>>> print(open('run-v9.txt').read())   # compact mmCIF, C-alpha atoms
# COMPACT_ATOMS: atom_id res chain seq x y z
CA MET A 693 15.26 -25.02 68.00
CA LEU A 694 15.91 -28.71 68.54
CA GLY A 695 12.87 -29.55 66.43
CA ARG A 696 14.17 -27.43 63.54
CA GLU A 697 17.54 -29.13 63.70
CA ARG A 698 15.91 -32.54 63.61
CA MET A 699 13.74 -31.50 60.67
CA LYS A 700 16.79 -30.15 58.82
CA THR A 701 18.72 -33.36 59.51
CA GLY A 702 15.78 -35.42 58.25
CA LEU A 703 15.53 -33.38 55.04
CA ASN A 704 19.25 -33.68 54.42
CA SER A 705 19.07 -37.42 54.98
CA ALA A 706 16.13 -37.77 52.56
CA ARG A 707 17.95 -35.69 49.97
CA SER A 708 21.09 -37.79 50.30
CA ASP A 709 19.04 -40.97 50.01
CA GLU A 710 17.36 -39.59 46.89
CA TRP A 711 20.66 -38.70 45.21
CA ALA A 712 21.97 -42.15 46.09
CA GLY A 713 18.94 -43.63 44.30
CA VAL A 714 19.61 -41.54 41.20
CA ALA A 715 23.27 -42.57 41.22
CA LEU A 716 22.36 -46.25 41.59
CA ALA A 717 19.89 -46.08 38.68
CA LEU A 718 22.58 -44.54 36.46
CA VAL A 719 25.15 -47.14 37.56
CA SER A 720 22.63 -49.83 36.65
CA ALA A 721 22.07 -48.28 33.22
CA VAL A 722 25.81 -48.05 32.53
CA ALA A 723 26.38 -51.65 33.60
CA SER A 724 23.39 -52.87 31.56
CA GLY A 725 24.72 -50.95 28.58
CA SER A 726 27.61 -53.41 28.41
CA LEU A 727 25.20 -56.28 27.67
CA GLY A 728 24.96 -55.53 23.94
CA ILE A 729 28.73 -55.47 23.51
CA LEU A 730 29.17 -58.68 25.48
CA GLY A 731 26.33 -60.32 23.55
CA LYS A 732 28.06 -59.51 20.26
CA ALA A 733 31.32 -60.86 21.62
CA ALA A 734 29.61 -64.10 22.67
CA ALA A 735 28.00 -64.49 19.24
CA SER A 736 31.33 -63.95 17.49
CA LEU A 737 32.80 -66.72 19.65
CA GLY A 738 30.03 -69.13 18.69
CA MET A 739 28.15 -69.17 22.01
CA GLY A 740 24.40 -69.81 21.80
CA THR A 741 21.97 -67.74 23.89
CA PRO A 742 20.74 -70.59 26.18
CA THR A 743 24.32 -71.65 26.89
CA LEU A 744 25.50 -68.11 27.58
CA LEU A 745 22.57 -67.14 29.82
CA SER A 746 22.30 -70.41 31.72
CA TRP A 747 25.98 -70.15 32.73
CA ARG A 748 25.72 -66.42 33.41
CA PHE A 749 22.79 -66.80 35.77
CA GLY A 750 23.69 -70.26 37.08
CA LEU A 751 27.12 -69.20 38.31
CA THR A 752 25.70 -65.97 39.73
CA ALA A 753 23.06 -67.91 41.70
CA ALA A 754 25.65 -70.43 42.92
CA LEU A 755 27.95 -67.65 44.10
CA LEU A 756 25.27 -65.64 45.90
CA PHE A 757 23.66 -68.64 47.57
CA ALA A 758 27.10 -69.86 48.67
CA LEU A 759 27.69 -66.45 50.27
CA GLY A 760 24.39 -66.73 52.16
CA ALA A 761 22.37 -64.24 50.11
CA GLY A 762 19.65 -66.82 49.59
CA ARG A 763 18.85 -67.41 53.26
CA VAL A 764 15.27 -66.21 53.65
CA GLY A 765 12.00 -67.46 55.06
CA ARG A 766 9.48 -69.40 53.00
CA GLY A 767 7.09 -66.49 52.48
CA GLU A 768 9.84 -64.13 51.38
CA ARG A 769 11.31 -66.79 49.08
CA VAL A 770 7.97 -67.22 47.30
CA ARG A 771 7.72 -63.45 46.72
CA LEU A 772 11.29 -63.26 45.43
CA LEU A 773 10.76 -66.20 43.07
CA VAL A 774 7.71 -64.41 41.64
CA VAL A 775 9.85 -61.32 41.03
CA GLY A 776 12.53 -63.51 39.48
CA ALA A 777 9.97 -65.19 37.23
CA MET A 778 8.93 -61.79 35.84
CA TYR A 779 12.55 -61.00 34.99
CA ALA A 780 13.08 -64.42 33.40
CA MET A 781 9.88 -64.26 31.34
CA SER A 782 10.79 -60.76 30.18
CA THR A 783 14.18 -62.01 29.02
CA VAL A 784 12.64 -64.98 27.17
CA ALA A 785 10.06 -62.70 25.53
CA TYR A 786 12.81 -60.27 24.45
CA PHE A 787 14.89 -62.98 22.79
CA THR A 788 11.73 -64.36 21.14
CA ALA A 789 11.06 -60.91 19.69
CA LEU A 790 14.70 -60.58 18.66
CA GLY A 791 14.36 -63.68 16.52
CA ARG A 792 11.38 -62.26 14.60
CA VAL A 793 11.80 -58.47 14.41
CA SER A 794 14.77 -56.11 14.22
CA ALA A 795 16.99 -55.55 17.25
CA GLY A 796 15.98 -51.88 17.31
CA THR A 797 12.27 -52.65 17.46
CA ALA A 798 12.76 -55.35 20.11
CA GLY A 799 14.81 -52.90 22.20
CA LEU A 800 12.25 -50.12 21.76
CA LEU A 801 9.42 -52.36 22.97
CA VAL A 802 11.41 -53.48 26.04
CA TYR A 803 12.19 -49.90 27.02
CA VAL A 804 8.50 -49.02 27.03
CA ALA A 805 8.73 -50.58 30.51
CA PRO A 806 8.49 -47.19 32.34
CA ALA A 807 5.05 -46.69 30.79
CA PHE A 808 3.95 -50.01 32.27
CA VAL A 809 5.40 -49.04 35.67
CA VAL A 810 3.27 -45.88 35.57
CA LEU A 811 0.24 -47.92 34.44
CA TYR A 812 0.60 -50.50 37.23
CA GLY A 813 0.93 -47.71 39.77
CA ALA A 814 -2.17 -45.96 38.41
CA LEU A 815 -4.17 -49.21 38.59
CA LEU A 816 -3.27 -49.41 42.28
CA GLY A 817 -4.17 -45.81 42.95
CA THR A 818 -0.85 -43.97 42.49
CA ARG A 819 -1.31 -41.04 40.13
CA PRO A 820 1.78 -40.07 38.10
CA THR A 821 2.91 -36.48 38.40
CA VAL A 822 2.83 -34.11 35.42
CA GLY A 823 6.63 -34.19 35.42
CA GLN A 824 6.65 -37.98 35.22
CA VAL A 825 4.21 -38.02 32.29
CA GLY A 826 6.27 -35.41 30.46
CA ALA A 827 9.46 -37.32 31.20
CA LEU A 828 7.88 -40.51 29.89
CA VAL A 829 6.86 -38.84 26.60
CA LEU A 830 10.36 -37.41 26.10
CA ALA A 831 12.08 -40.69 26.94
CA LEU A 832 9.88 -42.75 24.60
CA ALA A 833 10.30 -40.22 21.78
CA GLY A 834 14.07 -40.32 22.29
CA LEU A 835 14.10 -44.13 22.25
CA GLY A 836 12.17 -44.10 18.99
CA VAL A 837 14.78 -41.80 17.44
CA VAL A 838 17.78 -43.73 18.80
CA VAL A 839 16.77 -47.32 18.07
CA GLY A 840 14.31 -46.63 15.24
CA LEU A 841 10.58 -47.15 14.89
CA PRO A 842 9.09 -50.43 13.60
CA GLY A 843 9.38 -50.67 9.83
CA ALA A 844 8.15 -52.93 7.05
CA ALA A 845 10.60 -55.66 8.09
CA ASP A 846 8.97 -55.74 11.54
CA ALA A 847 5.50 -56.73 10.32
CA ASP A 848 5.50 -59.88 12.42
CA ALA A 849 2.58 -60.03 14.84
CA LEU A 850 4.17 -62.62 17.13
CA GLY A 851 7.47 -60.75 17.25
CA LEU A 852 5.76 -57.45 18.09
CA ALA A 853 3.57 -59.16 20.69
CA ALA A 854 6.64 -60.80 22.28
CA GLY A 855 8.42 -57.44 22.38
CA GLY A 856 5.42 -55.79 23.99
CA ALA A 857 5.22 -58.63 26.51
CA ALA A 858 8.91 -58.16 27.29
CA GLY A 859 8.28 -54.49 28.11
CA ALA A 860 5.20 -55.29 30.19
CA LEU A 861 7.01 -58.02 32.12
CA TYR A 862 10.13 -55.94 32.70
CA GLY A 863 7.93 -53.10 33.93
CA GLY A 864 6.24 -55.66 36.17
CA PHE A 865 9.63 -56.74 37.51
CA VAL A 866 10.57 -53.15 38.37
CA PHE A 867 7.18 -52.42 39.91
CA ALA A 868 6.98 -55.70 41.85
CA SER A 869 10.52 -55.34 43.15
CA GLY A 870 9.38 -52.17 44.90
CA ARG A 871 6.37 -53.94 46.40
CA LEU A 872 7.06 -57.64 46.89
CA ALA A 873 10.81 -57.29 47.48
CA ALA A 874 10.88 -53.97 49.34
CA GLY A 875 12.19 -55.54 52.55
CA SER A 876 14.78 -57.81 50.91
CA ALA A 877 18.44 -57.01 50.36
CA PRO A 878 19.31 -56.32 46.68
CA LEU A 879 21.75 -59.23 46.54
CA THR A 880 19.12 -61.54 48.02
CA VAL A 881 16.68 -60.52 45.30
CA THR A 882 19.41 -60.92 42.68
CA ALA A 883 20.18 -64.43 43.92
CA HIS A 884 16.58 -65.52 43.38
CA VAL A 885 16.32 -63.73 40.01
CA ALA A 886 19.49 -65.50 38.89
CA LEU A 887 18.20 -68.86 40.13
CA VAL A 888 14.93 -68.62 38.17
CA CYS A 889 16.74 -67.38 35.05
CA ALA A 890 19.34 -70.16 35.26
CA LEU A 891 16.65 -72.84 35.48
CA THR A 892 14.67 -71.22 32.66
CA PHE A 893 17.56 -71.03 30.19
CA ALA A 894 18.91 -74.44 31.15
CA ALA A 895 15.46 -75.86 30.35
CA LEU A 896 15.43 -74.02 27.01
CA GLY A 897 18.89 -75.38 26.30
CA PHE A 898 17.78 -78.95 26.94
CA ALA A 899 14.67 -78.39 24.83
CA HIS A 900 16.89 -77.55 21.85
CA GLY A 901 19.54 -80.15 22.61
CA THR A 902 22.07 -80.51 25.42
CA PRO A 903 23.22 -77.00 26.47
CA GLY A 904 26.88 -76.36 25.76
CA VAL A 905 29.74 -75.58 28.10
CA PRO A 906 31.95 -72.51 27.48
CA SER A 907 35.37 -73.47 26.20
CA GLY A 908 38.58 -71.51 26.10
CA ALA A 909 39.68 -68.34 27.87
CA ALA A 910 37.76 -66.02 25.49
CA GLN A 911 34.34 -67.60 26.07
CA TRP A 912 34.85 -67.82 29.82
CA THR A 913 35.95 -64.16 29.88
CA VAL A 914 32.64 -63.14 28.28
CA VAL A 915 30.68 -65.24 30.78
CA VAL A 916 32.54 -63.73 33.75
CA ALA A 917 32.09 -60.21 32.37
CA MET A 918 28.34 -60.85 32.04
CA ILE A 919 28.20 -62.12 35.61
CA VAL A 920 29.91 -58.99 36.91
CA ALA A 921 28.58 -55.97 34.97
CA PRO A 922 25.01 -56.58 33.75
CA THR A 923 24.17 -58.98 36.59
CA LEU A 924 25.98 -58.42 39.92
CA VAL A 925 26.25 -54.67 39.34
CA ALA A 926 23.21 -53.75 37.24
CA ILE A 927 20.44 -55.71 38.97
CA PRO A 928 21.28 -54.87 42.63
CA ALA A 929 21.88 -51.23 41.67
CA LEU A 930 18.46 -51.01 40.00
CA LEU A 931 16.80 -52.63 43.01
CA GLY A 932 18.54 -50.18 45.32
CA ALA A 933 17.36 -47.29 43.15
CA VAL A 934 13.75 -48.51 43.14
CA ARG A 935 13.84 -48.68 46.92
CA ARG A 936 15.06 -45.07 47.20
CA ILE A 937 13.32 -43.16 44.40
CA GLY A 938 10.51 -45.45 43.25
CA GLY A 939 9.99 -47.60 40.19
CA THR A 940 8.90 -44.84 37.81
CA ARG A 941 11.93 -42.60 38.29
CA ALA A 942 14.34 -45.51 38.41
CA SER A 943 12.96 -47.04 35.19
CA LEU A 944 13.07 -43.68 33.40
CA LEU A 945 16.73 -43.32 34.32
CA ALA A 946 17.25 -46.87 33.08
CA THR A 947 16.14 -45.73 29.60
CA THR A 948 19.62 -44.18 29.27
CA ASP A 949 20.88 -47.77 28.83
CA PRO A 950 20.86 -47.56 24.96
CA LEU A 951 22.98 -44.41 25.15
CA TRP A 952 25.67 -46.24 27.09
CA THR A 953 25.45 -49.10 24.59
CA LEU A 954 26.06 -46.60 21.76
CA LEU A 955 29.01 -45.13 23.66
CA PHE A 956 30.57 -48.54 24.32
CA ALA A 957 30.01 -49.55 20.69
CA ALA A 958 31.78 -46.38 19.54
CA LEU A 959 34.67 -46.89 21.96
CA PHE A 960 35.22 -50.64 21.60
CA LEU A 961 33.71 -51.57 18.23
CA GLY A 962 34.45 -48.40 16.29
CA GLU A 963 30.77 -47.85 15.43
CA GLY A 964 29.78 -44.31 14.50
CA VAL A 965 27.16 -42.13 16.19
CA GLY A 966 24.78 -40.31 13.84
CA ALA A 967 22.82 -37.08 14.20
CA SER A 968 19.57 -38.94 14.89
CA GLN A 969 21.22 -40.83 17.72
CA LEU A 970 22.49 -37.59 19.22
CA LEU A 971 19.00 -36.06 18.97
CA GLY A 972 17.40 -39.14 20.49
CA GLY A 973 20.00 -39.16 23.24
CA ALA A 974 19.23 -35.55 24.07
CA LEU A 975 15.51 -36.37 24.34
CA ILE A 976 16.17 -39.38 26.58
CA LEU A 977 18.45 -37.36 28.86
CA SER A 978 15.90 -34.54 28.97
CA GLY A 979 13.21 -37.02 29.98
CA SER A 980 15.42 -38.52 32.68
CA ALA A 981 16.27 -35.07 34.04
CA LEU A 982 12.60 -33.98 34.02
CA ALA A 983 11.66 -37.12 35.95
CA GLN A 984 14.07 -36.13 38.70
CA ILE A 985 13.01 -32.46 38.78
CA GLY A 986 9.32 -33.31 38.90
CA GLY A 987 9.59 -36.60 40.69
CA GLY A 988 9.81 -35.46 44.27
CA THR A 989 10.46 -38.23 46.74
CA ARG A 990 7.46 -40.38 45.88
CA ARG A 991 8.22 -44.10 46.22
CA ASP A 992 5.87 -45.40 43.49
>>> encode(input="run-v9.txt", output="structure tokens")
Amino acid sequence: MLGRERMKTGLNSARSDEWAGVALALVSAVASGSLGILGKAAASLGMGTPTLLSWRFGLTAALLFALGAGRVGRGERVRLLVVGAMYAMSTVAYFTALGRVSAGTAGLLVYVAPAFVVLYGALLGTRPTVGQVGALVLALAGLGVVVGLPGAADADALGLAAGGAAGALYGGFVFASGRLAAGSAPLTVTAHVALVCALTFAALGFAHGTPGVPSGAAQWTVVVAMIVAPTLVAIPALLGAVRRIGGTRASLLATTDPLWTLLFAALFLGEGVGASQLLGGALILSGSALAQIGGGTRRD
């Protein structure tokens, strides 16, 4: 009798942990969905990308390290810096692609990341479930409908290669965070990710001239909003989700990010939502739901 009660308690605890992981992945997607709106706001205020991102990540790193989130041993620090480097390189590759192909194509290539998470797992001996493969197909089809497939204007080999690299590196970040950073607190990982990104974009800023400093309440408001939503909320939430439900399921839920971007654009920018976007959204949501139904509790 006592054994049954313990087993029941353990199952309930695992189920609660799993639902917490799903919730965290969705919170991360919602928070990341604000990035497009904030990016447009920054551009309209005349802020360059290196300036915006170096201040976003630099202030985040300064805050977290000041709060003690960066206190780790040497071995752990090296692992976290590797994870941070993957995130930083993915971001650089994305913005490189953005400068050469359409925003839709660049976004589509980045959100192929779940396929790379599955691939990395398979290379290390973790077979994806049938549900995960089906979810991946639905999610990628939905992304193609929502953001559009590459067209004639996207016939730029370097741009397409950079977009593909962004997806591969972001998938590597998600996968590695579940392996190299499994024992680290989400805010500790975020502190190191922010540090590497801050140094990377500061260096890019100096390479193209002295990086600027935000001026005025409007520019600083955008910087603070970027620090809070797509950084301090989105990254730790994603890391917490990976720890609970695995990289594949977490990354598939993260593909709902473009849907939240569409919603925010409709609410705050007055942009319309077409039939193709609704169809693509339905496919993405179906893929995300299938990943949870067929995902089990595997921590891949």
>>> residues_around(input="run-v9.txt", residues="A:Ala712", least_positions_apart="4", cutoff="12 Å", atoms="all atoms listed in the file", output="NGL selection string")
:A and (705-708 or 716-719 or 929-930 or 932-937 or 942)
>>> write_last_selection(input="run-v9.txt", atoms="C-alpha atoms", output="CSV table (one decimal), keeping the file's coordinate frame")
chain,number,residue,atom,x,y,z
A,705,SER,CA,19.1,-37.4,55.0
A,706,ALA,CA,16.1,-37.8,52.6
A,707,ARG,CA,18.0,-35.7,50.0
A,708,SER,CA,21.1,-37.8,50.3
A,716,LEU,CA,22.4,-46.2,41.6
A,717,ALA,CA,19.9,-46.1,38.7
A,718,LEU,CA,22.6,-44.5,36.5
A,719,VAL,CA,25.2,-47.1,37.6
A,929,ALA,CA,21.9,-51.2,41.7
A,930,LEU,CA,18.5,-51.0,40.0
A,932,GLY,CA,18.5,-50.2,45.3
A,933,ALA,CA,17.4,-47.3,43.2
A,934,VAL,CA,13.8,-48.5,43.1
A,935,ARG,CA,13.8,-48.7,46.9
A,936,ARG,CA,15.1,-45.1,47.2
A,937,ILE,CA,13.3,-43.2,44.4
A,942,ALA,CA,14.3,-45.5,38.4
>>> residues_around(input="run-v9.txt", residues="A:Ser746", least_positions_apart="5", cutoff="8 Å", atoms="all atoms listed in the file", output="list in words")
Cys889, Ala890, Leu891, Thr892, Phe893 and Ala894 of chain A
>>> residues_around(input="run-v9.txt", residues="A:Leu850", least_positions_apart="4", cutoff="9 Å", atoms="only C-alpha atoms", output="PyMOL selection string")
chain A and resi 788-789+792+854-855
>>> closest_atom_pairs(input="run-v9.txt", of="stretch 768-850 of chain A", to="stretch 948-956 of chain A", cutoff="10 Å", atoms="all atoms listed in the file", output="CSV")
residue,atom,partner,partner_atom,distance
A:Gly799,CA,A:Pro950,CA,8.5
A:Leu800,CA,A:Pro950,CA,9.5
A:Tyr803,CA,A:Asp949,CA,9.1
A:Ala831,CA,A:Thr948,CA,8.6
A:Gly834,CA,A:Thr948,CA,9.7
A:Leu835,CA,A:Pro950,CA,8.1
A:Val838,CA,A:Pro950,CA,7.9
A:Val839,CA,A:Pro950,CA,8.0
>>> atom_distance(input="run-v9.txt", atom1="atom CA of A:Leu727", atom2="atom CA of A:Pro742")
15.1 Å
>>> residues_around(input="run-v9.txt", residues="stretch 914-925 of chain A", least_positions_apart="3", cutoff="10 Å", atoms="all atoms listed in the file", output="PDB file with C-alpha atoms, keeping the file's coordinate frame")
ATOM      1  CA  LEU A 716      22.360 -46.250  41.590  1.00  0.00           C
ATOM      2  CA  VAL A 719      25.150 -47.140  37.560  1.00  0.00           C
ATOM      3  CA  SER A 720      22.630 -49.830  36.650  1.00  0.00           C
ATOM      4  CA  ALA A 721      22.070 -48.280  33.220  1.00  0.00           C
ATOM      5  CA  VAL A 722      25.810 -48.050  32.530  1.00  0.00           C
ATOM      6  CA  ALA A 723      26.380 -51.650  33.600  1.00  0.00           C
ATOM      7  CA  SER A 724      23.390 -52.870  31.560  1.00  0.00           C
ATOM      8  CA  GLY A 725      24.720 -50.950  28.580  1.00  0.00           C
ATOM      9  CA  SER A 726      27.610 -53.410  28.410  1.00  0.00           C
ATOM     10  CA  LEU A 727      25.200 -56.280  27.670  1.00  0.00           C
ATOM     11  CA  GLY A 728      24.960 -55.530  23.940  1.00  0.00           C
ATOM     12  CA  ILE A 729      28.730 -55.470  23.510  1.00  0.00           C
ATOM     13  CA  LEU A 730      29.170 -58.680  25.480  1.00  0.00           C
ATOM     14  CA  GLY A 731      26.330 -60.320  23.550  1.00  0.00           C
ATOM     15  CA  LYS A 732      28.060 -59.510  20.260  1.00  0.00           C
ATOM     16  CA  ALA A 733      31.320 -60.860  21.620  1.00  0.00           C
ATOM     17  CA  ALA A 734      29.610 -64.100  22.670  1.00  0.00           C
ATOM     18  CA  LEU A 737      32.800 -66.720  19.650  1.00  0.00           C
ATOM     19  CA  MET A 739      28.150 -69.170  22.010  1.00  0.00           C
ATOM     20  CA  THR A 743      24.320 -71.650  26.890  1.00  0.00           C
ATOM     21  CA  LEU A 744      25.500 -68.110  27.580  1.00  0.00           C
ATOM     22  CA  LEU A 745      22.570 -67.140  29.820  1.00  0.00           C
ATOM     23  CA  SER A 746      22.300 -70.410  31.720  1.00  0.00           C
ATOM     24  CA  TRP A 747      25.980 -70.150  32.730  1.00  0.00           C
ATOM     25  CA  ARG A 748      25.720 -66.420  33.410  1.00  0.00           C
ATOM     26  CA  PHE A 749      22.790 -66.800  35.770  1.00  0.00           C
ATOM     27  CA  GLY A 750      23.690 -70.260  37.080  1.00  0.00           C
ATOM     28  CA  LEU A 751      27.120 -69.200  38.310  1.00  0.00           C
ATOM     29  CA  THR A 752      25.700 -65.970  39.730  1.00  0.00           C
ATOM     30  CA  ALA A 753      23.060 -67.910  41.700  1.00  0.00           C
ATOM     31  CA  LEU A 756      25.270 -65.640  45.900  1.00  0.00           C
ATOM     32  CA  PRO A 878      19.310 -56.320  46.680  1.00  0.00           C
ATOM     33  CA  LEU A 879      21.750 -59.230  46.540  1.00  0.00           C
ATOM     34  CA  THR A 882      19.410 -60.920  42.680  1.00  0.00           C
ATOM     35  CA  ALA A 883      20.180 -64.430  43.920  1.00  0.00           C
ATOM     36  CA  VAL A 885      16.320 -63.730  40.010  1.00  0.00           C
ATOM     37  CA  ALA A 886      19.490 -65.500  38.890  1.00  0.00           C
ATOM     38  CA  PRO A 906      31.950 -72.510  27.480  1.00  0.00           C
ATOM     39  CA  ALA A 909      39.680 -68.340  27.870  1.00  0.00           C
ATOM     40  CA  ALA A 910      37.760 -66.020  25.490  1.00  0.00           C
ATOM     41  CA  GLN A 911      34.340 -67.600  26.070  1.00  0.00           C
ATOM     42  CA  PRO A 928      21.280 -54.870  42.630  1.00  0.00           C
ATOM     43  CA  ALA A 929      21.880 -51.230  41.670  1.00  0.00           C
ATOM     44  CA  LEU A 930      18.460 -51.010  40.000  1.00  0.00           C
TER      45      LEU A 930
END
>>> residues_around(input="run-v9.txt", residues="A:Val775", least_positions_apart="6", cutoff="7 Å", atoms="all atoms listed in the file", output="count of residues only")
4
>>> axis_aligned_box(input="run-v9.txt", around="stretch 965-971 of chain A", padding_each_side="3 Å", output="lines of an AutoDock Vina configuration file")
center_x = 23.1
center_y = -39.1
center_z = 16.5
size_x = 14.2
size_y = 12.1
size_z = 11.4
>>> atom_distance(input="run-v9.txt", atom1="atom CA of A:Ser794", atom2="atom CA of A:Asp846")
6.4 Å
>>> closest_residue(input="run-v9.txt", among="A:Pro806, A:Gly843, A:Gly765, A:Gly864", to="A:Ala946", atoms="all atoms listed in the file")
A:Pro806
>>> atom_distance(input="run-v9.txt", atom1="atom CA of A:Val793", atom2="atom CA of A:Ala857")
13.8 Å
>>> residues_near_point(input="run-v9.txt", point="(22.3, -77.3, 25.0)", cutoff="10 Å", atoms="all atoms listed in the file", output="NGL selection string")
:A and (740-743 or 746 or 893-905)
>>> residues_near_point(input="run-v9.txt", point="(7.0, -40.0, 30.0)", cutoff="12 Å", atoms="only C-alpha atoms", output="ChimeraX atom specification")
/A:803-811,820-835,940-941,943-945,947,975-984,986-987
>>> closest_residue(input="run-v9.txt", among="A:Ala877, A:Val784, A:Leu961, A:Val802", to="A:Arg763", atoms="all atoms listed in the file")
A:Ala877
>>> closest_residue(input="run-v9.txt", among="A:Gly859, A:Gly875, A:Gly840, A:Gly713", to="A:Gly796", atoms="only C-alpha atoms")
A:Gly840
>>> decode(input="run-v9.txt", residues="stretch 913-980 of chain A", atoms="C-alpha atoms", output="mmCIF file, in the first residue's frame")
data_model
loop_
_atom_site.group_PDB
_atom_site.id
_atom_site.type_symbol
_atom_site.label_atom_id
_atom_site.label_comp_id
_atom_site.auth_asym_id
_atom_site.auth_seq_id
_atom_site.Cartn_x
_atom_site.Cartn_y
_atom_site.Cartn_z
ATOM 1 C CA THR A 913 12.610 52.258 -22.895
ATOM 2 C CA VAL A 914 13.198 49.910 -25.843
ATOM 3 C CA VAL A 915 16.511 48.733 -24.375
ATOM 4 C CA VAL A 916 14.927 48.044 -20.965
ATOM 5 C CA ALA A 917 11.986 46.235 -22.589
ATOM 6 C CA MET A 918 14.447 44.034 -24.515
ATOM 7 C CA ILE A 919 16.332 43.275 -21.317
ATOM 8 C CA VAL A 920 13.150 42.193 -19.551
ATOM 9 C CA ALA A 921 10.971 40.263 -22.034
ATOM 10 C CA PRO A 922 13.108 38.523 -24.685
ATOM 11 C CA THR A 923 16.131 38.184 -22.386
ATOM 12 C CA LEU A 924 15.437 37.870 -18.637
ATOM 13 C CA VAL A 925 12.103 36.132 -19.226
ATOM 14 C CA ALA A 926 12.512 34.239 -22.506
ATOM 15 C CA ILE A 927 15.974 32.694 -22.082
ATOM 16 C CA PRO A 928 15.643 31.386 -18.485
ATOM 17 C CA ALA A 929 12.135 30.106 -19.259
ATOM 18 C CA LEU A 930 13.416 28.173 -22.287
ATOM 19 C CA LEU A 931 16.284 26.732 -20.251
ATOM 20 C CA GLY A 932 13.856 25.668 -17.534
ATOM 21 C CA ALA A 933 11.650 24.010 -20.155
ATOM 22 C CA VAL A 934 14.577 22.115 -21.698
ATOM 23 C CA ARG A 935 15.492 20.798 -18.268
ATOM 24 C CA ARG A 936 11.948 19.502 -17.663
ATOM 25 C CA ILE A 937 10.714 18.241 -21.042
ATOM 26 C CA GLY A 938 13.829 17.983 -23.198
ATOM 27 C CA GLY A 939 15.194 20.041 -26.055
ATOM 28 C CA THR A 940 12.999 18.601 -28.812
ATOM 29 C CA ARG A 941 9.661 19.301 -27.155
ATOM 30 C CA ALA A 942 10.782 22.665 -25.822
ATOM 31 C CA SER A 943 12.057 23.807 -29.233
ATOM 32 C CA LEU A 944 8.866 22.652 -30.961
ATOM 33 C CA LEU A 945 6.819 24.727 -28.532
ATOM 34 C CA ALA A 946 9.178 27.621 -29.234
ATOM 35 C CA THR A 947 8.075 27.528 -32.891
ATOM 36 C CA THR A 948 4.882 29.266 -31.728
ATOM 37 C CA ASP A 949 7.046 32.408 -31.377
ATOM 38 C CA PRO A 950 6.044 33.782 -34.853
ATOM 39 C CA LEU A 951 2.375 33.426 -33.908
ATOM 40 C CA TRP A 952 2.856 35.656 -30.873
ATOM 41 C CA THR A 953 4.765 38.113 -33.068
ATOM 42 C CA LEU A 954 1.780 38.218 -35.451
ATOM 43 C CA LEU A 955 -0.582 38.759 -32.521
ATOM 44 C CA PHE A 956 1.512 41.576 -31.064
ATOM 45 C CA ALA A 957 1.850 43.174 -34.507
ATOM 46 C CA ALA A 958 -1.940 43.076 -34.912
ATOM 47 C CA LEU A 959 -2.535 44.504 -31.439
ATOM 48 C CA PHE A 960 0.152 47.196 -31.317
ATOM 49 C CA LEU A 961 0.985 47.960 -34.953
ATOM 50 C CA GLY A 962 -2.424 47.422 -36.530
ATOM 51 C CA GLU A 963 -1.096 44.795 -38.963
ATOM 52 C CA GLY A 964 -3.662 42.412 -40.412
ATOM 53 C CA VAL A 965 -3.670 38.622 -40.180
ATOM 54 C CA GLY A 966 -4.401 36.777 -43.427
ATOM 55 C CA ALA A 967 -5.921 33.374 -44.148
ATOM 56 C CA SER A 968 -2.508 31.835 -44.878
ATOM 57 C CA GLN A 969 -1.230 32.995 -41.513
ATOM 58 C CA LEU A 970 -4.228 31.469 -39.771
ATOM 59 C CA LEU A 971 -3.669 28.179 -41.631
ATOM 60 C CA GLY A 972 0.036 28.201 -40.825
ATOM 61 C CA GLY A 973 -0.738 29.009 -37.206
ATOM 62 C CA ALA A 974 -3.094 26.058 -36.987
ATOM 63 C CA LEU A 975 -0.386 23.747 -38.360
ATOM 64 C CA ILE A 976 2.217 25.075 -35.908
ATOM 65 C CA LEU A 977 -0.156 24.672 -32.963
ATOM 66 C CA SER A 978 -1.074 21.166 -34.137
ATOM 67 C CA GLY A 979 2.605 20.261 -34.303
ATOM 68 C CA SER A 980 3.239 21.664 -30.832
#
